[in-house]
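J.: Could you have a look at this structure, given as structure tokens, before my questions?
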Amino acid sequence: MPEPPTLAPILVNDASGIASLVEVLSAEPVIAVDTESNSFHVYRERVCLIQVSTRSADYVVDPLATDPRLLGTVLARARSVVLHGADYDVRCLKREYGFQLPGLFDTMAAARRLGRAGLGLSSLVEQHFGVRLAKDSQRSDWGRRPLSADQVSYAALDTHFLLPLHDLLSRELAERGFVEHAHEEFARIASVEPRPKVFDPDGWTRLKAARGLDARGRAILRALWIAREERASALDRPPFKVMPEQAMVEVARRRPGSPDQLLRIPGISQVVVRRMGEAVLEAVRGVA
């Protein structure tokens, strides 16, 4: 039974570290990979960490400090590159580095095909290995530097158990005659392409609370939706952190005429007023 790592993960944050890691991985037929991005904290997300595990060590690559593209060749040649819930990671790695993963093995897809009840990595690790993965750093701002030792250790756990999990699931897929269909699914996941960020100016119509607004309120909400997106892009912040959606609906309903009135609306803080106050009031004034 695999145990939590006893050795600290190796942080790779310079060109010599990447070269050494490529040399190590060149001798490994099966490699575990994961990524951490900062989509929860910025408008334009980036891959901020690439975690890699072999049978003997865990590595955390800092792509904000060094160019990781040399990893692409060795990952493309590996017999198996093991990820969990790989769709998002594949898109991110293609978008930023052009990586191709023809040997992809997705432990989530394998577990789903085998009928596992819990498909999350934490659930599968606890179910099979009796280890409960911590979730303390799940919402970390992975783009902020310096990284703490706790962040690096937390990130490394996402790949530490993937190789023994791959072994277990591979064996069961073979025993049950599911290998061919599983690998067809892995190939489909490996073929997904990055999705360009496209703003929908009518996305506000999907807000349930918007249904109770009158015609002017809906027009105000649409103007706010567009203004928030423009401000989020300028600040490089996620739109929901610039102004909460429920607050936007309340503005469309109450139609404040001054900063003081705006501050009385739940969800509108001084920070929101500083970032968006004038744009909000202009949206209200501009809709007759």
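By convention in this document, the chains of the structure tokens carry letters A, B, ... by their order, each chain's residues are numbered from 1, and ligands are numbered from 1 in the order they are shown.
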Give me the residues near Val22 (chain A) as number ranges by chain, where near means some atom within 9 Å (using only C-alpha atoms) and where sequence neighbours in that chain fewer than 6 positions away do not count.
T.: A: 70-71, 73-74
J.: For those residues, write C-alpha atoms to a file as a compact mmCIF listing (two decimals), in the first residue's frame.
T.:
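File produced: result37.txt:
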# COMPACT_ATOMS: atom_id res chain seq x y z
CA LEU A 70 11.42 20.71 -22.70
CA LEU A 71 9.05 18.42 -20.80
CA THR A 73 9.07 15.74 -25.76
CA VAL A 74 9.48 13.30 -22.90
J.: Excluding Leu157 (chain A) and residues on its chain fewer than 2 positions from it, collect all residues at most 12 Å away from it, counting only C-alpha atoms, and give them as a PDB file with C-alpha atoms, in the first residue's frame.
T.:
ATOM      1  CA  PRO A   2       1.500   3.399  -0.967  1.00  0.00           C
ATOM      2  CA  GLU A   3       2.195   5.813   1.854  1.00  0.00           C
ATOM      3  CA  PRO A   4       2.240   9.615   1.965  1.00  0.00           C
ATOM      4  CA  PRO A   5       5.621  10.909   0.807  1.00  0.00           C
ATOM      5  CA  THR A   6       8.415  10.790   3.360  1.00  0.00           C
ATOM      6  CA  LEU A   7      10.725  12.927   1.219  1.00  0.00           C
ATOM      7  CA  ALA A   8       9.908  16.531   0.384  1.00  0.00           C
ATOM      8  CA  PRO A   9       8.944  17.158  -3.240  1.00  0.00           C
ATOM      9  CA  ALA A  32       2.094  11.077 -13.335  1.00  0.00           C
ATOM     10  CA  VAL A  33       1.207  14.706 -14.152  1.00  0.00           C
ATOM     11  CA  ASP A  34      -1.109  17.403 -12.814  1.00  0.00           C
ATOM     12  CA  THR A  35      -1.364  21.180 -13.097  1.00  0.00           C
ATOM     13  CA  GLN A  51       3.395  18.473 -10.802  1.00  0.00           C
ATOM     14  CA  VAL A  52       5.231  15.339 -11.931  1.00  0.00           C
ATOM     15  CA  SER A  53       5.698  12.053 -10.059  1.00  0.00           C
ATOM     16  CA  ALA A  57      10.121  11.020  -6.390  1.00  0.00           C
ATOM     17  CA  ASP A  58       7.669  13.900  -6.643  1.00  0.00           C
ATOM     18  CA  TYR A  59       8.535  17.094  -8.533  1.00  0.00           C
ATOM     19  CA  VAL A  60       6.817  20.480  -8.648  1.00  0.00           C
ATOM     20  CA  LEU A 121      -9.006  11.870  -6.447  1.00  0.00           C
ATOM     21  CA  SER A 122      -9.386  12.268  -2.683  1.00  0.00           C
ATOM     22  CA  VAL A 125      -7.068   7.563  -2.673  1.00  0.00           C
ATOM     23  CA  VAL A 131      -5.082   8.039   3.043  1.00  0.00           C
ATOM     24  CA  ARG A 132      -7.114  11.231   3.362  1.00  0.00           C
ATOM     25  CA  LEU A 133      -5.721  14.055   1.233  1.00  0.00           C
ATOM     26  CA  ALA A 134      -5.771  17.514   2.786  1.00  0.00           C
ATOM     27  CA  LYS A 135      -7.737  20.222   0.990  1.00  0.00           C
ATOM     28  CA  SER A 137      -4.667  24.814  -0.157  1.00  0.00           C
ATOM     29  CA  GLN A 138      -7.341  23.970  -2.722  1.00  0.00           C
ATOM     30  CA  ASP A 150       2.896  23.819   2.446  1.00  0.00           C
ATOM     31  CA  GLN A 151       1.710  24.802  -1.039  1.00  0.00           C
ATOM     32  CA  VAL A 152       4.462  22.775  -2.701  1.00  0.00           C
ATOM     33  CA  SER A 153       3.724  19.726  -0.526  1.00  0.00           C
ATOM     34  CA  TYR A 154      -0.012  20.008  -1.129  1.00  0.00           C
ATOM     35  CA  ALA A 155       0.467  20.269  -4.896  1.00  0.00           C
ATOM     36  CA  THR A 159       0.388  13.191  -8.362  1.00  0.00           C
ATOM     37  CA  HIS A 160       2.003  11.148  -5.563  1.00  0.00           C
ATOM     38  CA  PHE A 161      -0.734   8.477  -5.569  1.00  0.00           C
ATOM     39  CA  LEU A 162      -1.517   8.493  -9.300  1.00  0.00           C
ATOM     40  CA  LEU A 163       0.947   5.772 -10.310  1.00  0.00           C
TER      41      LEU A 163
END
J.: Pick from A:Gly143, A:Pro194, A:Gly120, A:Pro68: nearest to Lys94 (chain A), with only C-alpha atoms counted?
T.: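 Answer, going by the shortest atom-to-atom distance: A:Pro194.
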J.: As an exercise, work out the distance from CA of His181 (chain A) to CA of Val90 (chain A) in Å and give it to one decimal place.
T.: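 If I compute the distance from CA of His181 (chain A) to CA of Val90 (chain A), I get 19.7 Å.
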J.: Could you write out, as a list in words, all the residues of region 53-112 of chain A that DSSP marks as helix (DSSP H, G or I)?
T.: Leu71, Gly72, Thr73, Val74, Leu75, Ala76, Arg77, Ala86, Asp87, Tyr88, Asp89, Val90, Arg91, Cys92, Leu93, Lys94, Arg95, Glu96, Tyr97, Thr107, Met108, Ala109, Ala110, Ala111 and Arg112 of chain A
J.: Can you write out the residues you just picked, keeping N, CA and C atoms, as a PDB file, in the first residue's frame?
T.:
ATOM      1  N   LEU A  71       9.787  19.587 -21.294  1.00  0.00           N
ATOM      2  CA  LEU A  71       9.054  18.416 -20.801  1.00  0.00           C
ATOM      3  C   LEU A  71       8.161  17.824 -21.881  1.00  0.00           C
ATOM      4  N   GLY A  72       7.790  18.624 -22.878  1.00  0.00           N
ATOM      5  CA  GLY A  72       6.831  18.169 -23.876  1.00  0.00           C
ATOM      6  C   GLY A  72       7.287  16.931 -24.625  1.00  0.00           C
ATOM      7  N   THR A  73       8.564  16.880 -24.989  1.00  0.00           N
ATOM      8  CA  THR A  73       9.070  15.737 -25.763  1.00  0.00           C
ATOM      9  C   THR A  73       9.013  14.455 -24.961  1.00  0.00           C
ATOM     10  N   VAL A  74       9.451  14.517 -23.711  1.00  0.00           N
ATOM     11  CA  VAL A  74       9.485  13.302 -22.900  1.00  0.00           C
ATOM     12  C   VAL A  74       8.072  12.830 -22.553  1.00  0.00           C
ATOM     13  N   LEU A  75       7.139  13.757 -22.356  1.00  0.00           N
ATOM     14  CA  LEU A  75       5.755  13.363 -22.072  1.00  0.00           C
ATOM     15  C   LEU A  75       5.094  12.751 -23.313  1.00  0.00           C
ATOM     16  N   ALA A  76       5.442  13.252 -24.480  1.00  0.00           N
ATOM     17  CA  ALA A  76       4.876  12.699 -25.717  1.00  0.00           C
ATOM     18  C   ALA A  76       5.393  11.292 -25.997  1.00  0.00           C
ATOM     19  N   ARG A  77       6.584  10.963 -25.485  1.00  0.00           N
ATOM     20  CA  ARG A  77       7.176   9.656 -25.755  1.00  0.00           C
ATOM     21  C   ARG A  77       6.851   8.616 -24.687  1.00  0.00           C
ATOM     22  N   ALA A  86      -8.528  14.572 -16.656  1.00  0.00           N
ATOM     23  CA  ALA A  86      -7.476  15.186 -17.463  1.00  0.00           C
ATOM     24  C   ALA A  86      -7.949  16.264 -18.424  1.00  0.00           C
ATOM     25  N   ASP A  87      -9.222  16.344 -18.716  1.00  0.00           N
ATOM     26  CA  ASP A  87      -9.716  17.247 -19.757  1.00  0.00           C
ATOM     27  C   ASP A  87      -9.180  18.670 -19.586  1.00  0.00           C
ATOM     28  N   TYR A  88      -9.332  19.222 -18.399  1.00  0.00           N
ATOM     29  CA  TYR A  88      -8.912  20.604 -18.141  1.00  0.00           C
ATOM     30  C   TYR A  88      -7.400  20.749 -18.265  1.00  0.00           C
ATOM     31  N   ASP A  89      -6.657  19.801 -17.684  1.00  0.00           N
ATOM     32  CA  ASP A  89      -5.194  19.864 -17.740  1.00  0.00           C
ATOM     33  C   ASP A  89      -4.689  19.767 -19.177  1.00  0.00           C
ATOM     34  N   VAL A  90      -5.286  18.880 -19.966  1.00  0.00           N
ATOM     35  CA  VAL A  90      -4.888  18.731 -21.368  1.00  0.00           C
ATOM     36  C   VAL A  90      -5.071  20.050 -22.114  1.00  0.00           C
ATOM     37  N   ARG A  91      -6.220  20.691 -21.908  1.00  0.00           N
ATOM     38  CA  ARG A  91      -6.474  21.967 -22.585  1.00  0.00           C
ATOM     39  C   ARG A  91      -5.442  23.018 -22.166  1.00  0.00           C
ATOM     40  N   CYS A  92      -5.147  23.084 -20.866  1.00  0.00           N
ATOM     41  CA  CYS A  92      -4.199  24.083 -20.378  1.00  0.00           C
ATOM     42  C   CYS A  92      -2.795  23.836 -20.911  1.00  0.00           C
ATOM     43  N   LEU A  93      -2.352  22.584 -20.903  1.00  0.00           N
ATOM     44  CA  LEU A  93      -0.999  22.258 -21.363  1.00  0.00           C
ATOM     45  C   LEU A  93      -0.852  22.474 -22.867  1.00  0.00           C
ATOM     46  N   LYS A  94      -1.914  22.228 -23.624  1.00  0.00           N
ATOM     47  CA  LYS A  94      -1.873  22.514 -25.065  1.00  0.00           C
ATOM     48  C   LYS A  94      -1.865  24.016 -25.308  1.00  0.00           C
ATOM     49  N   ARG A  95      -2.700  24.732 -24.592  1.00  0.00           N
ATOM     50  CA  ARG A  95      -2.837  26.173 -24.802  1.00  0.00           C
ATOM     51  C   ARG A  95      -1.516  26.896 -24.545  1.00  0.00           C
ATOM     52  N   GLU A  96      -0.829  26.535 -23.486  1.00  0.00           N
ATOM     53  CA  GLU A  96       0.349  27.308 -23.089  1.00  0.00           C
ATOM     54  C   GLU A  96       1.668  26.755 -23.633  1.00  0.00           C
ATOM     55  N   TYR A  97       1.741  25.439 -23.848  1.00  0.00           N
ATOM     56  CA  TYR A  97       3.030  24.861 -24.223  1.00  0.00           C
ATOM     57  C   TYR A  97       2.967  23.962 -25.457  1.00  0.00           C
ATOM     58  N   THR A 107      -7.214   8.518 -14.697  1.00  0.00           N
ATOM     59  CA  THR A 107      -7.694   7.677 -13.600  1.00  0.00           C
ATOM     60  C   THR A 107      -9.162   7.938 -13.268  1.00  0.00           C
ATOM     61  N   MET A 108      -9.644   9.155 -13.494  1.00  0.00           N
ATOM     62  CA  MET A 108     -11.068   9.414 -13.257  1.00  0.00           C
ATOM     63  C   MET A 108     -11.928   8.674 -14.280  1.00  0.00           C
ATOM     64  N   ALA A 109     -11.531   8.756 -15.563  1.00  0.00           N
ATOM     65  CA  ALA A 109     -12.282   8.057 -16.605  1.00  0.00           C
ATOM     66  C   ALA A 109     -12.241   6.550 -16.379  1.00  0.00           C
ATOM     67  N   ALA A 110     -11.087   6.030 -15.955  1.00  0.00           N
ATOM     68  CA  ALA A 110     -10.976   4.596 -15.682  1.00  0.00           C
ATOM     69  C   ALA A 110     -11.879   4.196 -14.521  1.00  0.00           C
ATOM     70  N   ALA A 111     -11.872   4.998 -13.462  1.00  0.00           N
ATOM     71  CA  ALA A 111     -12.702   4.696 -12.297  1.00  0.00           C
ATOM     72  C   ALA A 111     -14.184   4.750 -12.649  1.00  0.00           C
ATOM     73  N   ARG A 112     -14.561   5.693 -13.506  1.00  0.00           N
ATOM     74  CA  ARG A 112     -15.965   5.786 -13.939  1.00  0.00           C
ATOM     75  C   ARG A 112     -16.367   4.544 -14.727  1.00  0.00           C
TER      76      ARG A 112
END
J.: From the options A:Trp142, A:Phe186, A:Trp225, A:Phe240, which residue's atoms come nearest to Pro201 (chain A), counting only C-alpha atoms?
T.: A:Trp225
J.: Please provide as a list of chain:residue names all residues within 10 Å of Glu278 (chain A), with the sequence filter that same-chain residues fewer than 6 positions apart are discarded (counting only C-alpha atoms).
T.: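 The residues satisfying every condition are A:Ser258, A:Pro259, A:Val284.
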J.: Apply DSSP to the structure's backbone, then extract all residues of region 77-269 of chain A labelled strand (DSSP E) and return them as a JSON list (two decimals) with C-alpha atoms, in the first residue's frame.
T.:
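Result saved to out.json:
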[["chain", "number", "residue", "atom", "x", "y", "z"],
["A", 80, "SER", "CA", 1.61, 6.28, -20.15],
["A", 81, "VAL", "CA", 1.08, 9.78, -18.79],
["A", 82, "VAL", "CA", -1.32, 9.49, -15.87],
["A", 83, "LEU", "CA", -3.65, 12.36, -14.96],
["A", 104, "LEU", "CA", -2.70, 9.59, -21.62],
["A", 105, "PHE", "CA", -4.33, 7.45, -18.91],
["A", 106, "ASP", "CA", -7.11, 9.23, -17.02]]
J.: In Å to one decimal, how far is CA of Leu281 (chain A) from CA of Ile268 (chain A)?
T.: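 Straight-line distance from CA of Ile268 (chain A) to CA of Leu281 (chain A) works out to 12.6 Å.
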J.: Can you tell me how far CA of Arg264 (chain A) sits from CA of Ala247 (chain A), in Å to one decimal?
T.: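 Computed distance, CA of Arg264 (chain A) to CA of Ala247 (chain A), equals 10.5 Å.
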J.: Quick one: of A:Asn13, A:Glu245, A:Asn38, A:Arg254, who's nearest to Pro146 (chain A), counting only C-alpha atoms?
T.: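 Among the listed residues, A:Asn13 lies closest to Pro146 (chain A).
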J.: Select, from A:Leu49, A:Val271, A:Ile265, A:Ala234, the residue with the minimum atom-to-atom distance to Ser140 (chain A), counting only C-alpha atoms.
T.: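 Using only C-alpha atoms, Ser140 (chain A) sits closest to A:Leu49.
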J.: With distances taken over only C-alpha atoms, which of A:Gly177, A:Gly257, A:Pro238, A:Gly286 is nearest to Leu221 (chain A)?
T.: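 Under the stated criterion, the closest residue is A:Gly286.
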